[in-house]
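What follows is the content of run03.cif (mmCIF, C-alpha atoms).
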```
data_data
#
loop_
_atom_site.label_atom_id
_atom_site.label_comp_id
_atom_site.auth_asym_id
_atom_site.auth_seq_id
_atom_site.Cartn_x
_atom_site.Cartn_y
_atom_site.Cartn_z
CA MET U 1 -14.88 -15.55 -9.66
CA ALA U 2 -11.32 -14.36 -9.20
CA VAL U 3 -11.08 -16.79 -6.29
CA THR U 4 -12.59 -19.62 -8.34
CA MET U 5 -9.83 -19.31 -10.91
CA LEU U 6 -7.08 -19.49 -8.32
CA ILE U 7 -8.11 -21.52 -5.31
CA GLY U 8 -7.85 -24.95 -6.94
CA ASN U 9 -11.41 -26.16 -6.34
CA LYS U 10 -10.58 -29.26 -4.34
CA HIS U 11 -13.20 -31.03 -2.21
CA GLU U 12 -10.94 -31.33 0.78
CA ILE U 13 -10.20 -29.51 4.00
CA SER U 14 -6.49 -28.94 4.32
CA ALA U 15 -4.56 -27.52 7.24
CA SER U 16 -2.05 -25.87 4.94
CA LEU U 17 -2.74 -22.42 3.56
CA PHE U 18 -0.77 -23.38 0.46
CA ALA U 19 -2.91 -26.39 -0.43
CA PRO U 20 -5.86 -26.12 -2.85
CA GLY U 21 -9.23 -25.55 -1.25
CA TYR U 22 -12.73 -24.46 -2.12
CA THR U 23 -15.08 -21.59 -1.31
CA MET U 24 -18.84 -21.71 -1.13
CA ALA U 25 -19.23 -19.21 -3.94
CA SER U 26 -16.91 -21.06 -6.29
CA LEU U 27 -18.67 -24.33 -5.48
CA ILE U 28 -21.94 -22.85 -6.72
CA ALA U 29 -20.24 -21.31 -9.74
CA ASN U 30 -18.65 -24.57 -10.80
CA GLU U 31 -21.47 -27.01 -10.19
CA PHE U 32 -24.70 -25.10 -10.66
CA SER U 33 -24.97 -25.19 -14.43
CA GLU U 34 -24.13 -28.89 -14.47
CA ALA U 35 -26.17 -29.89 -11.45
CA SER U 36 -27.90 -33.21 -12.03
CA GLY U 37 -31.17 -33.81 -10.28
CA ASP U 38 -33.19 -31.91 -7.73
CA LEU U 39 -31.11 -33.05 -4.76
CA HIS U 40 -27.92 -31.59 -6.21
CA LEU U 41 -29.72 -28.34 -7.03
CA ALA U 42 -31.25 -28.20 -3.57
CA ALA U 43 -27.82 -28.72 -1.98
CA LEU U 44 -26.36 -25.84 -4.01
CA MET U 45 -29.36 -23.68 -3.06
CA ALA U 46 -28.59 -24.52 0.57
CA VAL U 47 -25.00 -23.34 0.09
CA GLY U 48 -26.41 -20.09 -1.30
CA PHE U 49 -28.67 -19.83 1.72
CA VAL U 50 -25.73 -20.27 4.09
CA LEU U 51 -23.94 -17.45 2.26
CA LEU U 52 -27.02 -15.29 2.72
CA VAL U 53 -27.12 -16.07 6.44
CA VAL U 54 -23.42 -15.21 6.79
CA ALA U 55 -23.99 -11.85 5.08
CA LEU U 56 -27.02 -11.23 7.32
CA VAL U 57 -25.14 -12.03 10.54
CA VAL U 58 -22.06 -9.99 9.62
CA ASN U 59 -24.25 -7.00 8.76
CA ALA U 60 -26.22 -7.37 11.98
CA ILE U 61 -22.97 -7.36 13.99
CA ALA U 62 -21.77 -4.29 12.08
CA ARG U 63 -25.05 -2.49 12.79
CA TRP U 64 -24.80 -3.42 16.46
CA LEU U 65 -21.21 -2.14 16.67
CA VAL U 66 -22.17 1.19 15.09
CA TRP U 67 -25.11 1.48 17.45
CA GLN U 68 -22.88 0.73 20.45
CA VAL U 69 -20.25 3.29 19.48
CA GLY U 70 -22.95 5.86 18.76
CA ARG U 71 -24.49 5.30 22.18
CA LYS U 72 -21.14 5.61 23.94
CA ALA U 73 -20.26 8.80 22.08
CA ALA U 74 -23.63 10.32 22.85
CA GLY U 75 -23.49 9.25 26.50
CA PRO U 76 -21.18 11.79 28.19
CA THR U 77 -22.73 14.82 26.53
CA ARG U 78 -26.13 14.09 28.00
CA MET X 79 1.41 34.27 27.68
CA THR X 80 2.84 37.10 29.75
CA THR X 81 0.15 39.71 29.85
CA PRO X 82 0.67 42.45 32.44
CA ALA X 83 -2.51 41.55 34.29
CA LEU X 84 -1.48 37.95 34.92
CA PRO X 85 1.57 36.76 36.87
CA ALA X 86 3.93 34.84 34.54
CA ARG X 87 4.55 32.03 37.04
CA PRO X 88 2.96 28.78 35.94
CA THR X 89 1.22 26.70 38.54
CA ALA X 90 2.79 23.48 39.85
CA ARG X 91 0.40 21.42 37.83
CA GLN X 92 1.28 23.22 34.60
CA ARG X 93 4.98 22.79 35.33
CA ALA X 94 4.55 19.07 35.86
CA VAL X 95 2.70 18.71 32.59
CA ALA X 96 5.34 20.73 30.76
CA GLU X 97 8.15 18.57 32.18
CA ARG X 98 6.39 15.36 31.22
CA THR X 99 5.76 16.66 27.71
CA ALA X 100 9.39 17.65 27.29
CA LYS X 101 10.58 14.23 28.46
CA THR X 102 8.45 12.28 26.01
CA LEU X 103 8.96 14.67 23.11
CA GLY X 104 11.65 12.58 21.41
CA ARG X 105 9.64 9.38 21.66
CA ARG X 106 6.50 11.06 20.38
CA ARG X 107 8.40 12.50 17.43
CA ILE X 108 9.61 9.01 16.51
CA VAL X 109 6.14 7.49 16.86
CA ASN X 110 4.67 10.29 14.79
CA GLY X 111 7.22 9.84 12.02
CA THR X 112 6.85 6.05 11.99
CA MET X 113 3.08 6.10 11.85
CA THR X 114 3.04 8.74 9.10
CA GLY X 115 5.39 6.50 7.14
CA VAL X 116 3.19 3.41 7.72
CA VAL X 117 0.05 5.21 6.58
CA ALA X 118 1.80 6.64 3.53
CA LEU X 119 2.99 3.12 2.67
CA ALA X 120 -0.56 1.79 2.99
CA ALA X 121 -1.75 4.49 0.59
CA LEU X 122 0.96 3.52 -1.88
CA VAL X 123 0.12 -0.19 -1.62
CA THR X 124 -3.53 0.66 -2.34
CA ALA X 125 -2.60 2.17 -5.69
CA LEU X 126 -0.07 -0.52 -6.63
CA PRO X 127 -2.42 -3.37 -7.69
CA LEU X 128 -4.19 -1.17 -10.25
CA LEU X 129 -0.86 -0.10 -11.74
CA PHE X 130 0.36 -3.71 -11.88
CA ILE X 131 -2.88 -4.91 -13.47
CA LEU X 132 -2.91 -2.14 -16.06
CA PHE X 133 0.75 -2.65 -16.92
CA HIS X 134 0.34 -6.42 -17.25
CA LEU X 135 -2.90 -6.18 -19.22
CA ILE X 136 -1.41 -3.76 -21.72
CA LYS X 137 1.71 -5.89 -22.04
CA GLN X 138 -0.22 -9.13 -22.62
CA GLY X 139 -3.37 -7.89 -24.30
CA ALA X 140 -2.36 -5.05 -26.57
CA SER X 141 -0.62 -7.36 -29.05
CA SER X 142 -3.80 -9.41 -29.57
CA LEU X 143 -5.91 -6.34 -30.01
CA SER X 144 -6.90 -5.54 -33.57
CA LEU X 145 -9.86 -4.25 -35.50
CA GLY X 146 -10.97 -7.84 -36.00
CA PHE X 147 -11.28 -8.29 -32.26
CA PHE X 148 -14.16 -5.82 -32.24
CA THR X 149 -15.84 -6.90 -35.47
CA ARG X 150 -15.28 -10.66 -35.72
CA MET X 151 -17.12 -13.52 -34.04
CA PRO X 152 -15.43 -16.12 -31.82
CA MET X 153 -13.51 -18.81 -33.67
CA PRO X 154 -12.95 -22.44 -32.75
CA PRO X 155 -9.60 -23.05 -31.03
CA GLY X 156 -6.72 -23.30 -33.45
CA GLU X 157 -8.18 -20.90 -36.01
CA ALA X 158 -6.55 -17.50 -35.78
CA GLY X 159 -8.37 -14.19 -36.07
CA GLY X 160 -11.29 -14.70 -33.73
CA GLY X 161 -12.94 -11.72 -32.07
CA MET X 162 -15.43 -10.90 -29.38
CA ALA X 163 -17.93 -8.69 -31.19
CA ASN X 164 -20.93 -10.57 -29.80
CA ALA X 165 -19.57 -10.48 -26.25
CA ILE X 166 -18.95 -6.73 -26.35
CA VAL X 167 -22.46 -6.04 -27.63
CA GLY X 168 -23.91 -8.60 -25.20
CA THR X 169 -22.29 -6.87 -22.24
CA LEU X 170 -23.74 -3.54 -23.37
CA VAL X 171 -27.21 -5.10 -23.75
CA ILE X 172 -27.09 -6.68 -20.29
CA ILE X 173 -25.87 -3.45 -18.70
CA ALA X 174 -28.72 -1.59 -20.42
CA ILE X 175 -31.29 -4.06 -19.03
CA ALA X 176 -29.77 -3.83 -15.55
CA CYS X 177 -29.85 -0.01 -15.67
CA GLY X 178 -33.43 -0.02 -16.96
CA ILE X 179 -34.57 -2.04 -13.98
CA GLY X 180 -32.08 -0.89 -11.37
CA LEU X 181 -31.99 2.90 -11.82
CA PRO X 182 -35.67 3.77 -11.14
CA ILE X 183 -35.93 1.34 -8.23
CA GLY X 184 -32.57 2.24 -6.73
CA ILE X 185 -32.98 6.01 -6.99
CA GLY X 186 -36.59 5.85 -5.82
CA ALA X 187 -35.65 3.74 -2.81
CA GLY X 188 -32.73 6.04 -1.98
CA LEU X 189 -35.01 9.07 -2.12
CA TYR X 190 -37.48 7.38 0.19
CA LEU X 191 -34.75 6.43 2.67
CA ALA X 192 -33.47 10.01 2.76
CA GLU X 193 -36.87 11.71 3.00
CA PHE X 194 -38.34 9.36 5.62
CA ARG X 195 -35.14 8.51 7.43
CA ALA X 196 -36.44 7.44 10.85
CA ASN X 197 -39.37 5.49 9.44
CA LYS X 198 -39.56 1.83 10.49
CA LEU X 199 -39.79 0.67 6.88
CA ALA X 200 -36.79 2.85 6.02
CA ASN X 201 -34.70 1.26 8.75
CA VAL X 202 -35.57 -2.25 7.61
CA VAL X 203 -34.91 -1.41 3.96
CA ARG X 204 -31.60 0.22 4.84
CA PHE X 205 -30.47 -2.88 6.70
CA LEU X 206 -31.59 -5.23 3.93
CA ALA X 207 -29.89 -3.08 1.29
CA ASP X 208 -26.65 -3.41 3.24
CA VAL X 209 -27.09 -7.17 3.44
CA LEU X 210 -27.81 -7.36 -0.29
CA ASN X 211 -24.74 -5.25 -0.91
CA GLY X 212 -22.54 -7.68 0.98
CA LEU X 213 -24.06 -10.78 -0.59
CA PRO X 214 -21.78 -12.84 -2.84
CA SER X 215 -22.90 -12.06 -6.37
CA ILE X 216 -23.35 -15.73 -7.24
CA VAL X 217 -26.32 -15.88 -4.86
CA LEU X 218 -28.02 -13.20 -6.96
CA GLY X 219 -27.39 -15.43 -9.96
CA ILE X 220 -29.23 -18.26 -8.21
CA PHE X 221 -32.09 -15.86 -7.48
CA ALA X 222 -32.47 -14.88 -11.12
CA TRP X 223 -32.13 -18.50 -12.19
CA GLN X 224 -34.89 -19.59 -9.83
CA PHE X 225 -37.37 -16.94 -10.93
CA LEU X 226 -36.55 -16.37 -14.59
CA VAL X 227 -34.54 -19.25 -16.01
CA LYS X 228 -36.27 -22.23 -14.42
CA PRO X 229 -39.90 -21.22 -15.11
CA LEU X 230 -39.08 -20.23 -18.70
CA GLY X 231 -36.98 -23.29 -19.28
CA HIS X 232 -33.96 -21.57 -20.85
CA PHE X 233 -31.23 -19.04 -20.13
CA SER X 234 -31.85 -15.49 -21.27
CA ALA X 235 -30.29 -12.04 -21.50
CA LEU X 236 -33.19 -10.75 -19.43
CA ALA X 237 -32.32 -13.06 -16.53
CA GLY X 238 -28.73 -11.83 -16.64
CA GLY X 239 -29.92 -8.23 -16.59
CA VAL X 240 -32.20 -8.92 -13.63
CA ALA X 241 -29.36 -10.57 -11.68
CA LEU X 242 -27.12 -7.56 -12.28
CA ALA X 243 -29.98 -5.16 -11.46
CA ALA X 244 -30.38 -6.90 -8.11
CA MET X 245 -26.71 -6.17 -7.51
CA MET X 246 -27.03 -2.59 -8.62
CA ILE X 247 -30.12 -1.61 -6.64
CA PRO X 248 -28.65 -1.63 -3.11
CA MET X 249 -25.52 0.22 -4.25
CA ILE X 250 -27.55 2.95 -5.95
CA THR X 251 -30.03 3.10 -3.09
CA ARG X 252 -27.33 3.79 -0.53
CA THR X 253 -25.41 6.36 -2.59
CA THR X 254 -28.62 8.16 -3.56
CA GLU X 255 -29.60 8.32 0.09
CA GLU X 256 -26.23 9.79 1.08
CA MET X 257 -26.32 12.34 -1.74
CA VAL X 258 -29.90 13.44 -1.06
CA ARG X 259 -29.04 13.88 2.61
CA LEU X 260 -26.33 16.35 1.64
CA VAL X 261 -28.91 18.67 0.07
CA PRO X 262 -29.29 21.58 2.51
CA ILE X 263 -32.61 21.76 4.34
CA SER X 264 -32.89 25.45 3.40
CA LEU X 265 -33.35 24.48 -0.26
CA ARG X 266 -36.28 22.28 0.71
CA GLU X 267 -37.76 25.01 2.88
CA ALA X 268 -37.42 27.51 0.06
CA ALA X 269 -39.26 25.21 -2.34
CA MET X 270 -42.00 24.55 0.21
CA ALA X 271 -42.33 28.27 0.88
CA LEU X 272 -42.98 28.81 -2.81
CA GLY X 273 -45.88 26.41 -2.57
CA TYR X 274 -44.30 23.27 -3.97
CA SER X 275 -45.77 20.04 -2.70
CA ARG X 276 -43.46 17.63 -0.91
CA ALA X 277 -43.34 15.29 -3.88
CA ARG X 278 -42.54 18.09 -6.30
CA THR X 279 -39.86 19.44 -3.96
CA ALA X 280 -38.25 16.02 -3.85
CA MET X 281 -38.32 15.55 -7.62
CA ALA X 282 -37.60 19.06 -8.91
CA VAL X 283 -35.35 20.49 -6.23
CA VAL X 284 -33.76 17.77 -4.09
CA LEU X 285 -33.07 15.15 -6.78
CA ARG X 286 -31.90 17.80 -9.20
CA THR X 287 -29.45 19.24 -6.72
CA ALA X 288 -28.12 15.79 -5.92
CA THR X 289 -27.84 14.72 -9.58
CA ALA X 290 -24.05 14.95 -9.86
CA GLY X 291 -23.53 12.76 -6.79
CA ILE X 292 -26.16 10.26 -7.85
CA VAL X 293 -24.67 9.92 -11.33
CA THR X 294 -21.27 9.26 -9.79
CA GLY X 295 -22.83 6.55 -7.63
CA VAL X 296 -24.56 5.03 -10.65
CA LEU X 297 -21.25 5.00 -12.52
CA VAL X 298 -19.54 3.17 -9.71
CA ALA X 299 -22.39 0.64 -9.75
CA VAL X 300 -22.23 0.20 -13.54
CA ALA X 301 -18.47 -0.21 -13.40
CA ARG X 302 -18.87 -2.92 -10.81
CA ILE X 303 -21.57 -4.90 -12.56
CA ALA X 304 -19.91 -4.59 -15.97
CA GLY X 305 -17.17 -6.93 -14.85
CA GLU X 306 -19.32 -9.42 -12.98
CA THR X 307 -19.05 -13.02 -14.10
CA ALA X 308 -20.69 -14.96 -11.30
CA PRO X 309 -24.33 -13.80 -11.67
CA LEU X 310 -24.18 -14.33 -15.44
CA LEU X 311 -22.89 -17.91 -15.37
CA PHE X 312 -26.32 -19.48 -15.29
CA THR X 313 -28.54 -16.58 -16.29
CA ALA X 314 -27.11 -15.00 -19.47
CA PHE X 315 -25.02 -18.17 -19.91
CA GLY X 316 -22.94 -16.91 -22.83
CA ASN X 317 -23.39 -17.55 -26.52
CA GLN X 318 -20.96 -18.39 -29.29
CA PHE X 319 -23.22 -16.78 -31.86
CA TRP X 320 -24.60 -13.36 -32.58
CA SER X 321 -27.77 -12.71 -30.62
CA LEU X 322 -29.66 -9.61 -29.58
CA ARG X 323 -32.80 -11.39 -28.41
CA LEU X 324 -33.62 -10.75 -24.78
CA ASP X 325 -35.24 -14.15 -24.27
CA GLN X 326 -32.21 -16.09 -25.54
CA PRO X 327 -28.78 -16.72 -24.04
CA ILE X 328 -26.42 -13.85 -24.78
CA ALA X 329 -22.65 -13.52 -24.73
CA ALA X 330 -20.92 -11.26 -22.25
CA LEU X 331 -17.32 -10.10 -22.03
CA PRO X 332 -16.64 -11.33 -18.48
CA LEU X 333 -18.10 -14.76 -19.27
CA GLN X 334 -16.06 -15.04 -22.45
CA ILE X 335 -12.91 -13.99 -20.58
CA PHE X 336 -13.61 -16.56 -17.86
CA VAL X 337 -14.08 -19.39 -20.36
CA TYR X 338 -11.12 -18.38 -22.52
CA ALA X 339 -8.75 -17.79 -19.62
CA ASN X 340 -9.50 -21.27 -18.24
CA SER X 341 -9.10 -22.92 -21.64
CA PRO X 342 -5.99 -24.89 -22.64
CA TYR X 343 -5.65 -23.09 -25.99
CA ASP X 344 -3.00 -20.39 -26.39
CA ASP X 345 -4.92 -18.25 -28.86
CA TRP X 346 -8.02 -18.31 -26.66
CA ARG X 347 -5.96 -17.19 -23.69
CA ARG X 348 -4.48 -14.37 -25.75
CA LEU X 349 -8.02 -13.31 -26.59
CA ALA X 350 -8.87 -13.40 -22.87
CA TRP X 351 -6.06 -10.89 -22.19
CA ALA X 352 -7.31 -8.64 -24.97
CA GLY X 353 -10.88 -9.02 -23.69
CA SER X 354 -9.83 -7.94 -20.20
CA LEU X 355 -8.16 -4.88 -21.63
CA VAL X 356 -11.31 -4.01 -23.59
CA LEU X 357 -13.48 -4.54 -20.51
CA ILE X 358 -11.39 -2.12 -18.47
CA ALA X 359 -11.41 0.38 -21.34
CA LEU X 360 -15.20 0.03 -21.64
CA VAL X 361 -15.68 0.84 -17.97
CA LEU X 362 -13.33 3.79 -18.30
CA ILE X 363 -15.15 5.15 -21.36
CA ILE X 364 -18.57 4.84 -19.73
CA SER X 365 -17.42 6.80 -16.71
CA VAL X 366 -15.68 9.51 -18.72
CA ILE X 367 -18.72 10.05 -20.97
CA ALA X 368 -21.13 10.28 -18.06
CA ARG X 369 -18.77 12.53 -16.13
CA PHE X 370 -18.79 14.99 -19.01
CA ALA X 371 -22.55 14.71 -19.47
CA THR X 372 -23.24 15.63 -15.85
CA ARG X 373 -20.71 18.42 -15.80
CA SER X 374 -22.28 20.26 -18.71
CA ARG X 375 -25.82 19.87 -17.35
CA THR X 376 -25.37 20.64 -13.68
CA GLY X 377 -22.33 22.89 -13.88
CA ALA X 378 -24.36 26.02 -14.53
CA GLY X 379 -27.03 25.42 -11.94
CA SER X 380 -25.11 24.05 -9.01
CA GLY X 381 -23.45 27.26 -7.84
CA ASP X 382 -24.82 28.38 -4.47
#
```

Just give me the structure of the file as structure tokens.
Amino acid sequence: MAVTMLIGNKHEISASLFAPGYTMASLIANEFSEASGDLHLAALMAVGFVLLVVALVVNAIARWLVWQVGRKAAGPTR
Amino acid sequence: MTTPALPARPTARQRAVAERTAKTLGRRRIVNGTMTGVVALAALVTALPLLFILFHLIKQGASSLSLGFFTRMPMPPGEAGGGMANAIVGTLVIIAIACGIGLPIGIGAGLYLAEFRANKLANVVRFLADVLNGLPSIVLGIFAWQFLVKPLGHFSALAGGVALAAMMIPMITRTTEEMVRLVPISLREAAMALGYSRARTAMAVVLRTATAGIVTGVLVAVARIAGETAPLLFTAFGNQFWSLRLDQPIAALPLQIFVYANSPYDDWRRLAWAGSLVLIALVLIISVIARFATRSRTGAGSGD
């Protein structure tokens, strides 16, 4: 929400870091309660799903990294 | 070094090492000093935002804070003297619902994860709890909307509480697990030796020993959900009027702050500053009260 208030909420991809942009979470926050029709709702649900997948993948990578380090640390002592 | 039994002469290898160490000593001292400085700076920068926020909030919000802020209802823009009484109560109601749902599930799940740590189910749950923890909170709002708002046909305080509970559960699960793991195995063995069943050991000995840590974890979770706006946007929805009904939209401080801060009216924005100050104070008060409550209850029994 902090991002939503500051990022500018502009439907545009800009190369400049100083230009307004949009995030997936703020898109849902802004449009969900005013979504008109099932298609709009479904699209916002899809954005939510993408966020879920991102969280899943990042966590899987983190798990894998921990597992790797743990294996390496345990290796020489065996 | 020079014991009579051993010749004092260092070997060639030791001499070489000593020479190399002496040569790089100056450089290593500089690197050491620089890195210590960098880390100390990072620690300072970590504390700075909170100080800035507090300073700014008090500067902007304290002037709009009055008794009326806590007792009055919101006013239309332009009319002075509005308050946030309904939002303050609404936030407390939603937090209570979230705790009612989240605490038993979260603590139970954490206990399971700690007691059956290598179990396949435990591993899956642990992973999913981490994913849920890292999920943007707005997605949890969609979840509650889909299952509680859409079938019922209207926004409700209950839906908001469920969304926040979904946020709370993984946090509490993970902290409970960590805290229960810290309980020494000897305590468990002692309880078992006295004839306690495994379930009774877990409830009466392990959970009780870990209480202080678990309460701290719960406080952190409550503090985090108390300020959440995103999951409440389309679950609790906010309400301009006084409402305590769980099946109706209810006001919440973060929602009210969000709406007021984005509004073009000066007096609404002043109220948003004051609201932020109250929200921070609320979180602070909750944690202080609970800290005292746990200290008096576990202080006597936790000595080992």

- Could you list, as a count of residues only, every residue of chain X that has an atom within 9 Å of an atom of chain U, counting all atoms listed in the file? 23

- Message: Starting from the PyMOL selection byres ((chain U and resi 11) around 7), expand the selection into actual residues of this file and give them as a ChimeraX atom specification.
- Response: /U:9-10,12,21-22

- Task: Please provide the set of residues having any atom within 12 Å of Glu157 (chain X), restricted to all atoms listed in the file, with same-chain residues fewer than 2 positions apart removed, written as a PyMOL selection string.
- Result: chain X and resi 151-155+159-161+343-346

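Of note, CA of Thr287 (chain X) and CA of Ile363 (chain X) are spaced 24.8 Å apart.
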
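Proximity of X:Lys198, X:Gln224, X:Arg105, X:Leu189 to Ala42 (chain U), computed with only C-alpha atoms, is greatest for X:Gln224.
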
- Item | Within 9 Å of Thr254 (chain X) using all atoms listed in the file, minus same-chain residues under 2 positions, as a ChimeraX atom specification | /X:184-189,191-192,249-252,256-259,285,288-289,291-293,295-296

Just-selected residues, C-alpha atoms written as a compact mmCIF listing (two decimals), in the frame of the given file:
```
# COMPACT_ATOMS: atom_id res chain seq x y z
CA GLY X 184 -32.57 2.24 -6.73
CA ILE X 185 -32.98 6.01 -6.99
CA GLY X 186 -36.59 5.85 -5.82
CA ALA X 187 -35.65 3.74 -2.81
CA GLY X 188 -32.73 6.04 -1.98
CA LEU X 189 -35.01 9.07 -2.12
CA LEU X 191 -34.75 6.43 2.67
CA ALA X 192 -33.47 10.01 2.76
CA MET X 249 -25.52 0.22 -4.25
CA ILE X 250 -27.55 2.95 -5.95
CA THR X 251 -30.03 3.10 -3.09
CA ARG X 252 -27.33 3.79 -0.53
CA GLU X 256 -26.23 9.79 1.08
CA MET X 257 -26.32 12.34 -1.74
CA VAL X 258 -29.90 13.44 -1.06
CA ARG X 259 -29.04 13.88 2.61
CA LEU X 285 -33.07 15.15 -6.78
CA ALA X 288 -28.12 15.79 -5.92
CA THR X 289 -27.84 14.72 -9.58
CA GLY X 291 -23.53 12.76 -6.79
CA ILE X 292 -26.16 10.26 -7.85
CA VAL X 293 -24.67 9.92 -11.33
CA GLY X 295 -22.83 6.55 -7.63
CA VAL X 296 -24.56 5.03 -10.65
```

- Query: Which residues match the PyMOL selection byres ((chain X and resi 301) around 9) in the file above, as a ChimeraX atom specification?
  - Reply: /X:296-300,302-305,358,360-362,364-365

- Task: Might you pull out every residue within 6 Å of region 324-329 of chain X, with all atoms listed in the file counted and same-chain residues fewer than 3 positions away left off, and present them as a PyMOL selection string?
- Result: chain X and resi 165+168+233-236+314-317

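Taking CA of Gly70 (chain U) and CA of Met246 (chain X) as endpoints, the distance between them is 28.9 Å.
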
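From CA of Leu145 (chain X) back to CA of Pro342 (chain X), the distance works out to 24.6 Å.
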
- Residues in the PyMOL selection byres ((chain X and resi 266) around 12), expressed as a PyMOL selection string: chain X and resi 193+258-265+267-287

Quick one: region 5-11 of chain U with all heavy atoms, as a PDB file, in the first residue's frame?
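Below is the file selection.pdb, written as the result:
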```
ATOM      1  N   MET U   5       0.696   4.374  -2.902  1.00  0.00           N
ATOM      2  CA  MET U   5       0.517   5.803  -2.685  1.00  0.00           C
ATOM      3  C   MET U   5       1.607   6.624  -3.352  1.00  0.00           C
ATOM      4  O   MET U   5       1.455   7.824  -3.530  1.00  0.00           O
ATOM      5  CB  MET U   5       0.506   6.103  -1.177  1.00  0.00           C
ATOM      6  CG  MET U   5      -0.696   5.513  -0.476  1.00  0.00           C
ATOM      7  SD  MET U   5      -0.588   5.679   1.301  1.00  0.00           S
ATOM      8  CE  MET U   5      -1.305   7.290   1.518  1.00  0.00           C
ATOM      9  N   LEU U   6       2.708   5.980  -3.718  1.00  0.00           N
ATOM     10  CA  LEU U   6       3.860   6.753  -4.187  1.00  0.00           C
ATOM     11  C   LEU U   6       4.257   6.506  -5.633  1.00  0.00           C
ATOM     12  O   LEU U   6       4.867   7.352  -6.265  1.00  0.00           O
ATOM     13  CB  LEU U   6       5.087   6.450  -3.304  1.00  0.00           C
ATOM     14  CG  LEU U   6       4.940   6.850  -1.836  1.00  0.00           C
ATOM     15  CD1 LEU U   6       6.137   6.376  -1.058  1.00  0.00           C
ATOM     16  CD2 LEU U   6       4.786   8.343  -1.716  1.00  0.00           C
ATOM     17  N   ILE U   7       3.880   5.343  -6.178  1.00  0.00           N
ATOM     18  CA  ILE U   7       4.500   4.971  -7.448  1.00  0.00           C
ATOM     19  C   ILE U   7       3.882   5.711  -8.632  1.00  0.00           C
ATOM     20  O   ILE U   7       4.487   5.812  -9.691  1.00  0.00           O
ATOM     21  CB  ILE U   7       4.447   3.436  -7.643  1.00  0.00           C
ATOM     22  CG1 ILE U   7       5.424   3.001  -8.730  1.00  0.00           C
ATOM     23  CG2 ILE U   7       3.043   2.977  -7.969  1.00  0.00           C
ATOM     24  CD1 ILE U   7       5.696   1.538  -8.765  1.00  0.00           C
ATOM     25  N   GLY U   8       2.668   6.216  -8.493  1.00  0.00           N
ATOM     26  CA  GLY U   8       2.090   6.996  -9.579  1.00  0.00           C
ATOM     27  C   GLY U   8       0.996   6.272 -10.343  1.00  0.00           C
ATOM     28  O   GLY U   8       0.167   6.895 -10.993  1.00  0.00           O
ATOM     29  N   ASN U   9       0.978   4.959 -10.274  1.00  0.00           N
ATOM     30  CA  ASN U   9      -0.082   4.155 -10.879  1.00  0.00           C
ATOM     31  C   ASN U   9      -0.347   4.512 -12.338  1.00  0.00           C
ATOM     32  O   ASN U   9      -1.425   4.928 -12.712  1.00  0.00           O
ATOM     33  CB  ASN U   9      -1.374   4.286 -10.067  1.00  0.00           C
ATOM     34  CG  ASN U   9      -1.165   3.854  -8.635  1.00  0.00           C
ATOM     35  OD1 ASN U   9      -0.413   2.914  -8.372  1.00  0.00           O
ATOM     36  ND2 ASN U   9      -1.791   4.533  -7.708  1.00  0.00           N
ATOM     37  N   LYS U  10       0.639   4.348 -13.167  1.00  0.00           N
ATOM     38  CA  LYS U  10       0.500   4.686 -14.581  1.00  0.00           C
ATOM     39  C   LYS U  10       0.627   3.415 -15.412  1.00  0.00           C
ATOM     40  O   LYS U  10       1.582   2.653 -15.228  1.00  0.00           O
ATOM     41  CB  LYS U  10       1.601   5.678 -14.964  1.00  0.00           C
ATOM     42  CG  LYS U  10       1.333   6.386 -16.268  1.00  0.00           C
ATOM     43  CD  LYS U  10       2.416   7.424 -16.484  1.00  0.00           C
ATOM     44  CE  LYS U  10       2.157   8.210 -17.750  1.00  0.00           C
ATOM     45  NZ  LYS U  10       3.308   9.032 -18.092  1.00  0.00           N
ATOM     46  N   HIS U  11      -0.325   3.195 -16.305  1.00  0.00           N
ATOM     47  CA  HIS U  11      -0.290   1.989 -17.141  1.00  0.00           C
ATOM     48  C   HIS U  11       0.715   2.173 -18.266  1.00  0.00           C
ATOM     49  O   HIS U  11       0.345   2.370 -19.409  1.00  0.00           O
ATOM     50  CB  HIS U  11      -1.674   1.713 -17.724  1.00  0.00           C
ATOM     51  CG  HIS U  11      -2.665   1.263 -16.707  1.00  0.00           C
ATOM     52  ND1 HIS U  11      -2.699  -0.029 -16.236  1.00  0.00           N
ATOM     53  CD2 HIS U  11      -3.637   1.929 -16.058  1.00  0.00           C
ATOM     54  CE1 HIS U  11      -3.667  -0.132 -15.341  1.00  0.00           C
ATOM     55  NE2 HIS U  11      -4.253   1.035 -15.209  1.00  0.00           N
TER      56      HIS U  11
END
```
